[in-house]
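Raw contents of data.pdb, PDB, C-alpha atoms:
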ATOM      1  CA  MET A   1     -14.016 -10.225  80.247
ATOM      2  CA  ARG A   2     -13.576  -7.976  83.278
ATOM      3  CA  SER A   3     -13.782 -10.684  85.893
ATOM      4  CA  GLN A   4     -11.718 -13.412  84.214
ATOM      5  CA  LEU A   5      -9.052 -13.539  86.864
ATOM      6  CA  VAL A   6      -7.211 -16.568  85.459
ATOM      7  CA  LEU A   7      -7.042 -15.079  81.978
ATOM      8  CA  ARG A   8      -5.806 -11.751  83.285
ATOM      9  CA  VAL A   9      -3.045 -13.277  85.396
ATOM     10  CA  ILE A  10      -1.946 -15.643  82.651
ATOM     11  CA  ALA A  11      -1.917 -12.777  80.152
ATOM     12  CA  LYS A  12       0.263 -10.691  82.447
ATOM     13  CA  LEU A  13       2.641 -13.634  82.750
ATOM     14  CA  LEU A  14       2.745 -14.430  79.046
ATOM     15  CA  ILE A  15       2.951 -11.011  77.399
ATOM     16  CA  PRO A  16       6.528 -10.144  78.503
ATOM     17  CA  PHE A  17       7.710 -13.458  77.111
ATOM     18  CA  MET A  18       5.846 -12.858  73.842
ATOM     19  CA  LEU A  19       7.564  -9.506  73.437
ATOM     20  CA  LEU A  20      10.911 -11.023  74.364
ATOM     21  CA  PHE A  21      10.348 -13.806  71.839
ATOM     22  CA  ALA A  22       9.528 -11.192  69.186
ATOM     23  CA  LEU A  23      12.821  -9.437  69.873
ATOM     24  CA  TYR A  24      14.624 -12.791  69.794
ATOM     25  CA  VAL A  25      13.045 -13.625  66.432
ATOM     26  CA  GLN A  26      14.013 -10.180  65.187
ATOM     27  CA  PHE A  27      17.637 -10.076  66.262
ATOM     28  CA  HIS A  28      18.342 -13.778  65.932
ATOM     29  CA  GLY A  29      16.872 -13.769  62.420
ATOM     30  CA  ASP A  30      20.383 -13.649  61.023
ATOM     31  CA  PHE A  31      21.224 -17.003  62.579
ATOM     32  CA  GLY A  32      17.982 -18.898  62.893
ATOM     33  CA  PRO A  33      14.518 -18.776  61.398
ATOM     34  CA  GLY A  34      12.771 -15.460  61.693
ATOM     35  CA  GLY A  35      13.053 -11.895  60.654
ATOM     36  CA  GLY A  36      11.281  -8.590  60.656
ATOM     37  CA  PHE A  37       7.932  -9.807  59.350
ATOM     38  CA  GLN A  38       7.522 -12.635  61.855
ATOM     39  CA  ALA A  39       8.771 -10.466  64.712
ATOM     40  CA  GLY A  40       6.357  -7.695  63.755
ATOM     41  CA  VAL A  41       3.423 -10.088  63.735
ATOM     42  CA  ILE A  42       4.407 -11.518  67.122
ATOM     43  CA  THR A  43       4.740  -8.020  68.585
ATOM     44  CA  ALA A  44       1.316  -7.088  67.255
ATOM     45  CA  ALA A  45      -0.105 -10.375  68.548
ATOM     46  CA  ALA A  46       1.160  -9.590  72.044
ATOM     47  CA  VAL A  47      -0.629  -6.236  72.059
ATOM     48  CA  ILE A  48      -3.761  -7.741  70.481
ATOM     49  CA  PHE A  49      -3.742 -10.417  73.203
ATOM     50  CA  TYR A  50      -3.563  -7.668  75.788
ATOM     51  CA  GLY A  51      -6.454  -5.922  74.050
ATOM     52  CA  LEU A  52      -8.548  -9.111  74.007
ATOM     53  CA  ILE A  53      -8.107  -9.730  77.722
ATOM     54  CA  TYR A  54      -8.084  -6.218  79.145
ATOM     55  CA  GLY A  55     -10.387  -4.556  76.618
ATOM     56  CA  LEU A  56      -9.711  -2.352  73.637
ATOM     57  CA  PRO A  57      -9.545   0.972  75.535
ATOM     58  CA  ALA A  58      -6.731  -0.399  77.715
ATOM     59  CA  ALA A  59      -4.770  -1.476  74.641
ATOM     60  CA  ARG A  60      -5.377   1.926  73.071
ATOM     61  CA  ARG A  61      -4.026   3.601  76.186
ATOM     62  CA  LEU A  62      -0.979   1.329  76.135
ATOM     63  CA  VAL A  63      -0.214   1.839  72.435
ATOM     64  CA  PRO A  64      -2.028   4.988  71.293
ATOM     65  CA  ASP A  65      -3.507   5.291  67.805
ATOM     66  CA  ARG A  66      -1.227   8.134  66.850
ATOM     67  CA  PHE A  67       1.835   6.070  67.756
ATOM     68  CA  VAL A  68       0.563   3.104  65.705
ATOM     69  CA  GLU A  69      -0.015   5.329  62.694
ATOM     70  CA  SER A  70       3.459   6.808  62.914
ATOM     71  CA  MET A  71       4.817   3.228  63.179
ATOM     72  CA  ILE A  72       3.160   2.376  59.843
ATOM     73  CA  ALA A  73       4.947   5.212  58.084
ATOM     74  CA  GLY A  74       8.111   5.114  60.205
ATOM     75  CA  GLY A  75       9.039   1.560  59.234
ATOM     76  CA  VAL A  76       8.841   2.308  55.507
ATOM     77  CA  LEU A  77      10.814   5.510  56.066
ATOM     78  CA  LEU A  78      13.492   3.601  58.003
ATOM     79  CA  TYR A  79      13.780   1.034  55.210
ATOM     80  CA  GLY A  80      13.940   3.725  52.547
ATOM     81  CA  GLY A  81      16.267   5.775  54.713
ATOM     82  CA  VAL A  82      18.762   2.901  54.872
ATOM     83  CA  GLY A  83      18.650   2.791  51.069
ATOM     84  CA  VAL A  84      19.166   6.534  50.758
ATOM     85  CA  ALA A  85      21.966   6.422  53.348
ATOM     86  CA  GLY A  86      23.705   3.882  51.142
ATOM     87  CA  MET A  87      23.372   6.293  48.219
ATOM     88  CA  LEU A  88      24.716   9.230  50.239
ATOM     89  CA  LEU A  89      27.722   7.182  51.313
ATOM     90  CA  GLY A  90      28.603   6.510  47.701
ATOM     91  CA  GLY A  91      26.863   3.225  46.924
ATOM     92  CA  ASN A  92      23.666   2.300  45.125
ATOM     93  CA  PHE A  93      20.161   2.429  46.622
ATOM     94  CA  LEU A  94      19.905  -0.294  49.301
ATOM     95  CA  ASP A  95      23.620  -0.995  48.971
ATOM     96  CA  TYR A  96      24.726  -2.041  52.468
ATOM     97  CA  PHE A  97      28.428  -2.515  51.753
ATOM     98  CA  VAL A  98      29.148   1.168  52.366
ATOM     99  CA  LEU A  99      27.372   1.393  55.723
ATOM    100  CA  ALA A 100      30.482   0.384  57.703
ATOM    101  CA  ALA A 101      34.212   0.293  57.105
ATOM    102  CA  ASP A 102      34.138  -3.459  56.623
ATOM    103  CA  PRO A 103      31.742  -4.494  53.814
ATOM    104  CA  VAL A 104      30.550  -7.644  55.605
ATOM    105  CA  HIS A 105      29.921  -5.614  58.726
ATOM    106  CA  GLY A 106      28.028  -3.086  56.618
ATOM    107  CA  GLN A 107      25.833  -5.855  55.228
ATOM    108  CA  HIS A 108      25.071  -6.997  58.729
ATOM    109  CA  ARG A 109      24.139  -3.524  59.885
ATOM    110  CA  GLY A 110      22.040  -2.854  56.782
ATOM    111  CA  ILE A 111      20.105  -6.103  57.146
ATOM    112  CA  LEU A 112      19.397  -5.429  60.814
ATOM    113  CA  LEU A 113      18.123  -1.907  60.141
ATOM    114  CA  VAL A 114      16.016  -2.989  57.204
ATOM    115  CA  GLU A 115      14.466  -5.851  59.186
ATOM    116  CA  LEU A 116      13.725  -3.389  61.972
ATOM    117  CA  GLY A 117      11.881  -1.230  59.448
ATOM    118  CA  VAL A 118       9.842  -4.247  58.341
ATOM    119  CA  LEU A 119       9.048  -5.062  61.989
ATOM    120  CA  ILE A 120       7.827  -1.553  62.747
ATOM    121  CA  THR A 121       5.595  -1.324  59.680
ATOM    122  CA  VAL A 122       4.139  -4.827  60.012
ATOM    123  CA  ALA A 123       3.419  -4.443  63.727
ATOM    124  CA  GLY A 124       1.855  -1.030  63.110
ATOM    125  CA  VAL A 125      -0.386  -2.225  60.281
ATOM    126  CA  MET A 126      -1.561  -5.353  62.140
ATOM    127  CA  LEU A 127      -2.369  -3.316  65.242
ATOM    128  CA  LYS A 128      -4.145  -0.636  63.256
ATOM    129  CA  ILE A 129      -6.293  -3.201  61.459
ATOM    130  CA  PHE A 130      -7.164  -4.774  64.811
ATOM    131  CA  TYR A 131      -7.988  -1.392  66.330
ATOM    132  CA  VAL A 132     -10.294  -0.256  63.536
ATOM    133  CA  PHE A 133     -12.026  -3.648  63.280
ATOM    134  CA  ALA A 134     -12.493  -4.093  66.994
ATOM    135  CA  GLY A 135     -13.266  -0.413  67.503
ATOM    136  CA  ARG A 136     -16.230  -0.400  65.136
ATOM    137  CA  GLY A 137     -19.470  -0.941  66.952
ATOM    138  CA  ARG A 138     -17.833  -0.974  70.357
ATOM    139  CA  ASP A 139     -17.133   2.752  70.548
ATOM    140  CA  PRO A 140     -19.743   4.797  72.403
ATOM    141  CA  GLY A 141     -20.489   6.771  69.237
ATOM    142  CA  GLY A 142     -20.477   3.708  66.944
ATOM    143  CA  ALA A 143     -23.417   1.567  65.911
TER     144      ALA A 143
ATOM    145  CA  MET B 144      -6.164 -34.387  57.612
ATOM    146  CA  MET B 145      -6.094 -31.050  55.802
ATOM    147  CA  ILE B 146      -8.691 -32.367  53.374
ATOM    148  CA  VAL B 147     -10.949 -33.293  56.293
ATOM    149  CA  VAL B 148     -10.575 -29.791  57.728
ATOM    150  CA  VAL B 149     -11.367 -28.174  54.364
ATOM    151  CA  LEU B 150     -14.462 -30.348  53.880
ATOM    152  CA  ALA B 151     -15.616 -29.490  57.387
ATOM    153  CA  MET B 152     -15.130 -25.793  56.603
ATOM    154  CA  VAL B 153     -17.193 -26.054  53.412
ATOM    155  CA  LEU B 154     -20.011 -27.954  55.110
ATOM    156  CA  GLN B 155     -20.050 -25.845  58.272
ATOM    157  CA  ARG B 156     -22.763 -23.177  58.329
ATOM    158  CA  ASN B 157     -21.695 -21.595  61.603
ATOM    159  CA  LEU B 158     -19.041 -19.016  60.739
ATOM    160  CA  PHE B 159     -17.451 -19.194  64.180
ATOM    161  CA  GLY B 160     -16.682 -22.844  63.523
ATOM    162  CA  VAL B 161     -15.322 -21.984  60.075
ATOM    163  CA  VAL B 162     -12.914 -19.437  61.565
ATOM    164  CA  VAL B 163     -11.656 -21.885  64.179
ATOM    165  CA  LEU B 164     -11.247 -24.580  61.519
ATOM    166  CA  SER B 165      -9.287 -22.193  59.291
ATOM    167  CA  GLY B 166      -6.947 -21.575  62.215
ATOM    168  CA  ILE B 167      -6.474 -25.332  62.553
ATOM    169  CA  TYR B 168      -5.846 -25.520  58.807
ATOM    170  CA  SER B 169      -3.142 -22.852  59.147
ATOM    171  CA  PHE B 170      -1.395 -24.800  61.898
ATOM    172  CA  LEU B 171      -1.503 -27.963  59.765
ATOM    173  CA  MET B 172      -0.089 -25.965  56.846
ATOM    174  CA  ALA B 173       2.675 -24.689  59.129
ATOM    175  CA  THR B 174       3.629 -28.239  60.067
ATOM    176  CA  VAL B 175       3.737 -29.157  56.372
ATOM    177  CA  LEU B 176       6.079 -26.188  55.785
ATOM    178  CA  VAL B 177       8.296 -27.285  58.688
ATOM    179  CA  ALA B 178       8.459 -30.733  57.105
ATOM    180  CA  LEU B 179       9.575 -29.039  53.880
ATOM    181  CA  ASP B 180      12.379 -27.264  55.844
ATOM    182  CA  ALA B 181      10.838 -23.835  55.229
ATOM    183  CA  VAL B 182      10.855 -22.813  58.891
ATOM    184  CA  ASP B 183      10.698 -19.081  58.166
ATOM    185  CA  VAL B 184       7.520 -19.486  56.125
ATOM    186  CA  ALA B 185       6.062 -21.882  58.693
ATOM    187  CA  MET B 186       6.554 -19.271  61.401
ATOM    188  CA  THR B 187       4.789 -16.649  59.294
ATOM    189  CA  GLU B 188       1.935 -19.031  58.539
ATOM    190  CA  ALA B 189       1.460 -19.915  62.197
ATOM    191  CA  ALA B 190       1.597 -16.299  63.350
ATOM    192  CA  VAL B 191      -0.426 -14.650  60.584
ATOM    193  CA  GLY B 192      -2.705 -17.443  59.391
ATOM    194  CA  ALA B 193      -3.550 -18.991  62.724
ATOM    195  CA  GLY B 194      -3.067 -16.022  65.031
ATOM    196  CA  ILE B 195      -3.813 -12.600  63.646
ATOM    197  CA  SER B 196      -6.261 -13.488  60.885
ATOM    198  CA  THR B 197      -8.329 -15.633  63.270
ATOM    199  CA  VAL B 198      -8.649 -12.670  65.629
ATOM    200  CA  LEU B 199      -9.536 -10.327  62.749
ATOM    201  CA  LEU B 200     -12.127 -12.731  61.347
ATOM    202  CA  LEU B 201     -13.679 -13.151  64.792
ATOM    203  CA  GLY B 202     -13.803  -9.365  64.990
ATOM    204  CA  ALA B 203     -15.557  -9.289  61.622
ATOM    205  CA  ILE B 204     -18.074 -11.909  62.818
ATOM    206  CA  TYR B 205     -18.749  -9.763  65.867
ATOM    207  CA  LEU B 206     -19.801  -6.991  63.481
ATOM    208  CA  THR B 207     -21.968  -9.209  61.266
ATOM    209  CA  ARG B 208     -24.073 -12.306  61.817
ATOM    210  CA  ALA B 209     -22.533 -15.570  62.962
ATOM    211  CA  SER B 210     -24.206 -17.896  60.480
ATOM    212  CA  GLU B 211     -23.886 -18.089  56.742
ATOM    213  CA  ALA B 212     -26.857 -16.912  54.649
ATOM    214  CA  LYS B 213     -28.520 -19.460  52.393
ATOM    215  CA  PRO B 214     -27.484 -18.880  48.770
ATOM    216  CA  LEU B 215     -30.256 -17.428  46.616
ATOM    217  CA  ARG B 216     -29.494 -19.498  43.531
ATOM    218  CA  ARG B 217     -27.644 -22.693  42.861
ATOM    219  CA  PRO B 218     -24.020 -21.602  42.426
ATOM    220  CA  LEU B 219     -23.482 -23.428  39.136
ATOM    221  CA  LEU B 220     -21.412 -20.780  37.340
ATOM    222  CA  PRO B 221     -18.940 -20.353  40.250
ATOM    223  CA  LEU B 222     -18.585 -24.135  40.374
ATOM    224  CA  VAL B 223     -17.708 -24.257  36.673
ATOM    225  CA  VAL B 224     -15.226 -21.370  37.057
ATOM    226  CA  ALA B 225     -13.593 -22.976  40.097
ATOM    227  CA  LEU B 226     -13.298 -26.342  38.385
ATOM    228  CA  GLY B 227     -11.928 -24.690  35.221
ATOM    229  CA  VAL B 228      -9.288 -22.657  37.067
ATOM    230  CA  GLY B 229      -8.343 -25.621  39.256
ATOM    231  CA  GLY B 230      -8.040 -27.860  36.204
ATOM    232  CA  ALA B 231      -5.861 -25.281  34.421
ATOM    233  CA  LEU B 232      -3.583 -25.020  37.476
ATOM    234  CA  ILE B 233      -3.238 -28.802  37.735
ATOM    235  CA  HIS B 234      -2.511 -28.906  34.008
ATOM    236  CA  GLY B 235       0.181 -26.271  34.599
ATOM    237  CA  THR B 236       1.883 -28.315  37.320
ATOM    238  CA  LEU B 237       2.355 -31.158  34.819
ATOM    239  CA  GLY B 238       4.877 -28.951  33.000
ATOM    240  CA  LEU B 239       6.969 -28.324  36.137
ATOM    241  CA  PRO B 240      10.180 -30.257  36.741
ATOM    242  CA  ALA B 241       9.916 -33.218  39.089
ATOM    243  CA  PHE B 242       9.932 -32.522  42.841
ATOM    244  CA  SER B 243      13.506 -32.020  44.153
ATOM    245  CA  ASP B 244      14.989 -32.490  40.672
ATOM    246  CA  PRO B 245      18.547 -31.074  41.010
ATOM    247  CA  ALA B 246      18.583 -29.953  37.370
ATOM    248  CA  ALA B 247      15.461 -27.785  37.705
ATOM    249  CA  PRO B 248      15.984 -24.159  36.601
ATOM    250  CA  ILE B 249      15.364 -22.837  40.115
ATOM    251  CA  HIS B 250      18.390 -24.780  41.405
ATOM    252  CA  THR B 251      20.765 -23.761  38.627
ATOM    253  CA  HIS B 252      20.059 -20.026  38.236
ATOM    254  CA  VAL B 253      21.117 -17.809  41.192
ATOM    255  CA  ALA B 254      20.453 -20.207  44.077
ATOM    256  CA  PRO B 255      23.933 -21.855  44.050
ATOM    257  CA  ARG B 256      25.597 -18.458  44.269
ATOM    258  CA  TYR B 257      23.378 -17.450  47.205
ATOM    259  CA  ILE B 258      24.105 -20.682  49.042
ATOM    260  CA  GLU B 259      27.838 -20.621  48.395
ATOM    261  CA  GLN B 260      28.541 -16.916  48.790
ATOM    262  CA  ALA B 261      25.934 -15.607  51.226
ATOM    263  CA  VAL B 262      27.928 -16.300  54.395
ATOM    264  CA  THR B 263      31.171 -14.769  53.115
ATOM    265  CA  GLU B 264      29.505 -11.820  51.402
ATOM    266  CA  THR B 265      27.002 -10.808  54.065
ATOM    267  CA  GLY B 266      28.193 -12.559  57.225
ATOM    268  CA  VAL B 267      24.644 -13.786  57.850
ATOM    269  CA  PRO B 268      24.376 -17.544  58.376
ATOM    270  CA  ASN B 269      20.637 -17.710  57.637
ATOM    271  CA  VAL B 270      20.524 -17.684  53.843
ATOM    272  CA  VAL B 271      16.813 -16.866  53.841
ATOM    273  CA  THR B 272      17.472 -13.623  55.706
ATOM    274  CA  ALA B 273      20.456 -12.795  53.474
ATOM    275  CA  VAL B 274      18.422 -13.267  50.297
ATOM    276  CA  LEU B 275      15.390 -11.483  51.697
ATOM    277  CA  ALA B 276      17.075  -8.393  53.064
ATOM    278  CA  SER B 277      20.216  -8.066  51.006
ATOM    279  CA  TYR B 278      20.185  -9.733  47.582
ATOM    280  CA  ARG B 279      16.488  -9.126  47.085
ATOM    281  CA  GLY B 280      16.330  -5.953  49.145
ATOM    282  CA  TYR B 281      14.277  -4.165  46.510
ATOM    283  CA  ASP B 282      11.601  -6.848  46.584
ATOM    284  CA  THR B 283      11.391  -6.737  50.359
ATOM    285  CA  PHE B 284      11.133  -2.961  50.197
ATOM    286  CA  GLY B 285       8.245  -3.420  47.784
ATOM    287  CA  GLU B 286       6.603  -5.897  50.154
ATOM    288  CA  THR B 287       6.945  -3.488  53.045
ATOM    289  CA  ILE B 288       5.253  -0.854  50.918
ATOM    290  CA  VAL B 289       2.460  -3.329  50.133
ATOM    291  CA  VAL B 290       1.878  -3.835  53.870
ATOM    292  CA  PHE B 291       2.043  -0.069  54.340
ATOM    293  CA  THR B 292      -0.536   0.426  51.579
ATOM    294  CA  ALA B 293      -2.821  -2.134  53.200
ATOM    295  CA  GLY B 294      -2.649  -0.222  56.467
ATOM    296  CA  ILE B 295      -3.313   3.086  54.747
ATOM    297  CA  GLY B 296      -6.251   1.533  52.887
ATOM    298  CA  VAL B 297      -7.798   0.241  56.093
ATOM    299  CA  ILE B 298      -7.383   3.631  57.726
ATOM    300  CA  ALA B 299      -8.899   5.414  54.734
ATOM    301  CA  LEU B 300     -11.866   3.039  54.454
ATOM    302  CA  LEU B 301     -12.813   2.425  58.051
ATOM    303  CA  ARG B 302     -11.768   5.446  60.054
ATOM    304  CA  ARG B 303     -13.752   8.090  58.200
ATOM    305  CA  ARG B 304     -17.047   6.308  58.685
ATOM    306  CA  ARG B 305     -16.525   6.204  62.394
ATOM    307  CA  LYS B 306     -15.918   9.941  62.454
ATOM    308  CA  ASP B 307     -19.119  10.517  60.479
ATOM    309  CA  ARG B 308     -21.100   8.683  63.097
ATOM    310  CA  ASP B 309     -19.567  10.511  66.028
TER     311      ASP B 309
END
Would you mind writing the file out in structure tokens?
Amino acid sequence: MRSQLVLRVIAKLLIPFMLLFALYVQFHGDFGPGGGFQAGVITAAAVIFYGLIYGLPAARRLVPDRFVESMIAGGVLLYGGVGVAGMLLGGNFLDYFVLAADPVHGQHRGILLVELGVLITVAGVMLKIFYVFAGRGRDPGGA
Amino acid sequence: MMIVVVLAMVLQRNLFGVVVLSGIYSFLMATVLVALDAVDVAMTEAAVGAGISTVLLLGAIYLTRASEAKPLRRPLLPLVVALGVGGALIHGTLGLPAFSDPAAPIHTHVAPRYIEQAVTETGVPNVVTAVLASYRGYDTFGETIVVFTAGIGVIALLRRRRKDRD
């Protein structure tokens, strides 16, 4: 793959737009189709695309393993944390009405944060699965 | 068209072809979902089914052989099981209400409240997002944990072996 000039240039052109589209899907999910899960998959796909064109070590340098693993846990913690924050502010678990002065505004904020948690976990898991699958047999120490 | 793709997948012995065909199947499924006005699900199907899983399956092929092994015996028992389960499922669909029947239980239970109240209660115009993240927040939390568990499982199963080899 090293010498595929066309692929490398096209990838460089496309990846920023993929990430931008992921963010659009994430933050426009309230108004149009989309949400945390789809955005997470698109984010992961952008990095996987990068890994396919530029090689797995390059992708691992870009998004290190440790960061991916903390993404897996961090998303769930963010989601749960929003729920616990609702409890601390006097509501029930995952009760968004108390997150802002205006209940509707609180709902909005809660949904955004929760979807962000879903994005982080989904992107982390997809990337991790890709890393361990693609990493087996290609590592110097592997079979 | 989907039936043609499925038949081609069953008859194909080259696994690379099967993976590519399953990606095509996912895109066809996504168009069906768009036609059913389930754009959110269609997006997921296109991204996960056609995108990520194709890459992962190609990665798995890279680790194994690219052609399917000949079965040792005639798979008669699996055929009977598959036909039995399929028949039971088709029998089950006969008991469902007719397609787009307005009096079906799914349209009279909580769905009207979601559709009527979601915008005023949550301020989110996309009802799918409102139901997913707010009304059914517990379920989505559970789903996130399922994804989390899958990631943890992959790490636990695959990472240790690599360390052993190093």
Quick one: residues within 6 Å of range 117-130 of chain A, all atoms listed in the file, excluding same-chain residues fewer than 4 positions away - as a tab-separated table (two decimals) with C-alpha atoms, keeping the file's coordinate frame?
chain	number	residue	atom	x	y	z
A	36	GLY	CA	11.28	-8.59	60.66
A	37	PHE	CA	7.93	-9.81	59.35
A	40	GLY	CA	6.36	-7.70	63.76
A	41	VAL	CA	3.42	-10.09	63.74
A	44	ALA	CA	1.32	-7.09	67.26
A	68	VAL	CA	0.56	3.10	65.70
A	71	MET	CA	4.82	3.23	63.18
A	72	ILE	CA	3.16	2.38	59.84
A	75	GLY	CA	9.04	1.56	59.23
A	78	LEU	CA	13.49	3.60	58.00
A	79	TYR	CA	13.78	1.03	55.21
A	134	ALA	CA	-12.49	-4.09	66.99
B	294	GLY	CA	-2.65	-0.22	56.47
key: Residue members of the PyMOL selection byres ((chain A) within 9 of (chain B)) in the file shown, as a ChimeraX atom specification   = /A:29-35,37-38,41-42,44-45,48,69,72-73,75-76,79-80,93-97,103-108,110-112,114-115,117-118,121-122,124-126,128-130,132-137,139-143
inquiry  = Between CA of Leu19 in chain A and CA of Phe49 in chain A, what is the distance in Å, rounded to a tenth?
reply    = 11.3 Å
ask   = Given the choices A:Val6, A:Val82, A:Gly74, A:Val47, which gets closest to Arg60 in chain A if the distance is worked out from only C-alpha atoms?
value =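 So, comparing all the options, the nearest one is A:Val47.
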message = Can you measure CA of Ile258 in chain B to CA of Val84 in chain A for me? One decimal in Å is fine.
response = 27.7 Å
inquiry  = Please determine, counting only C-alpha atoms, which residue among A:Ala85, A:Ala101, A:Ile53, A:Leu113 has the shortest atom-to-atom distance to Leu5 in chain A.
reply    =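 Answer, going by the shortest atom-to-atom distance: A:Ile53.
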Please return the centre and edge lengths, in Å to one decimal, of a box with edges along x, y and z that contains all listed atoms of range 62-69 of chain A, widened by 3 Å on every side, as AutoDock Vina command-line options.
--center_x -0.8 --center_y 4.7 --center_z 69.4 --size_x 11.3 --size_y 12.8 --size_z 19.4
task = Could you please give me, as a ChimeraX atom specification, the residues of protein, DNA or RNA lying at most 9 Å from (-10.7, -22.7, 58.8) in the coordinate frame of the file, considering all atoms listed in the file?
result = /B:148-149,151-152,160-169,193,197
task = Point out the residue among B:Ser210, B:Leu219, B:Thr174, B:Gln260 with the least atom-to-atom distance to Arg156 in chain B, counting all atoms listed in the file.
result =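 Going through B:Ser210, B:Leu219, B:Thr174, B:Gln260 one by one, the smallest distance to Arg156 in chain B is for B:Ser210.
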task = Record the distance separating CA of Leu158 in chain B and CA of Gly192 in chain B, expressed in Å with one decimal.
result =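 A separation of 16.5 Å between them.
This file, queried with the PyMOL selection byres ((chain A and resi 15) around 10), gives the residues Ile10, Ala11, Lys12, Leu13, Leu14, Pro16, Phe17, Met18, Leu19, Leu20, Phe21, Thr43, Ala45, Ala46, Val47, Phe49 and Tyr50 of chain A.
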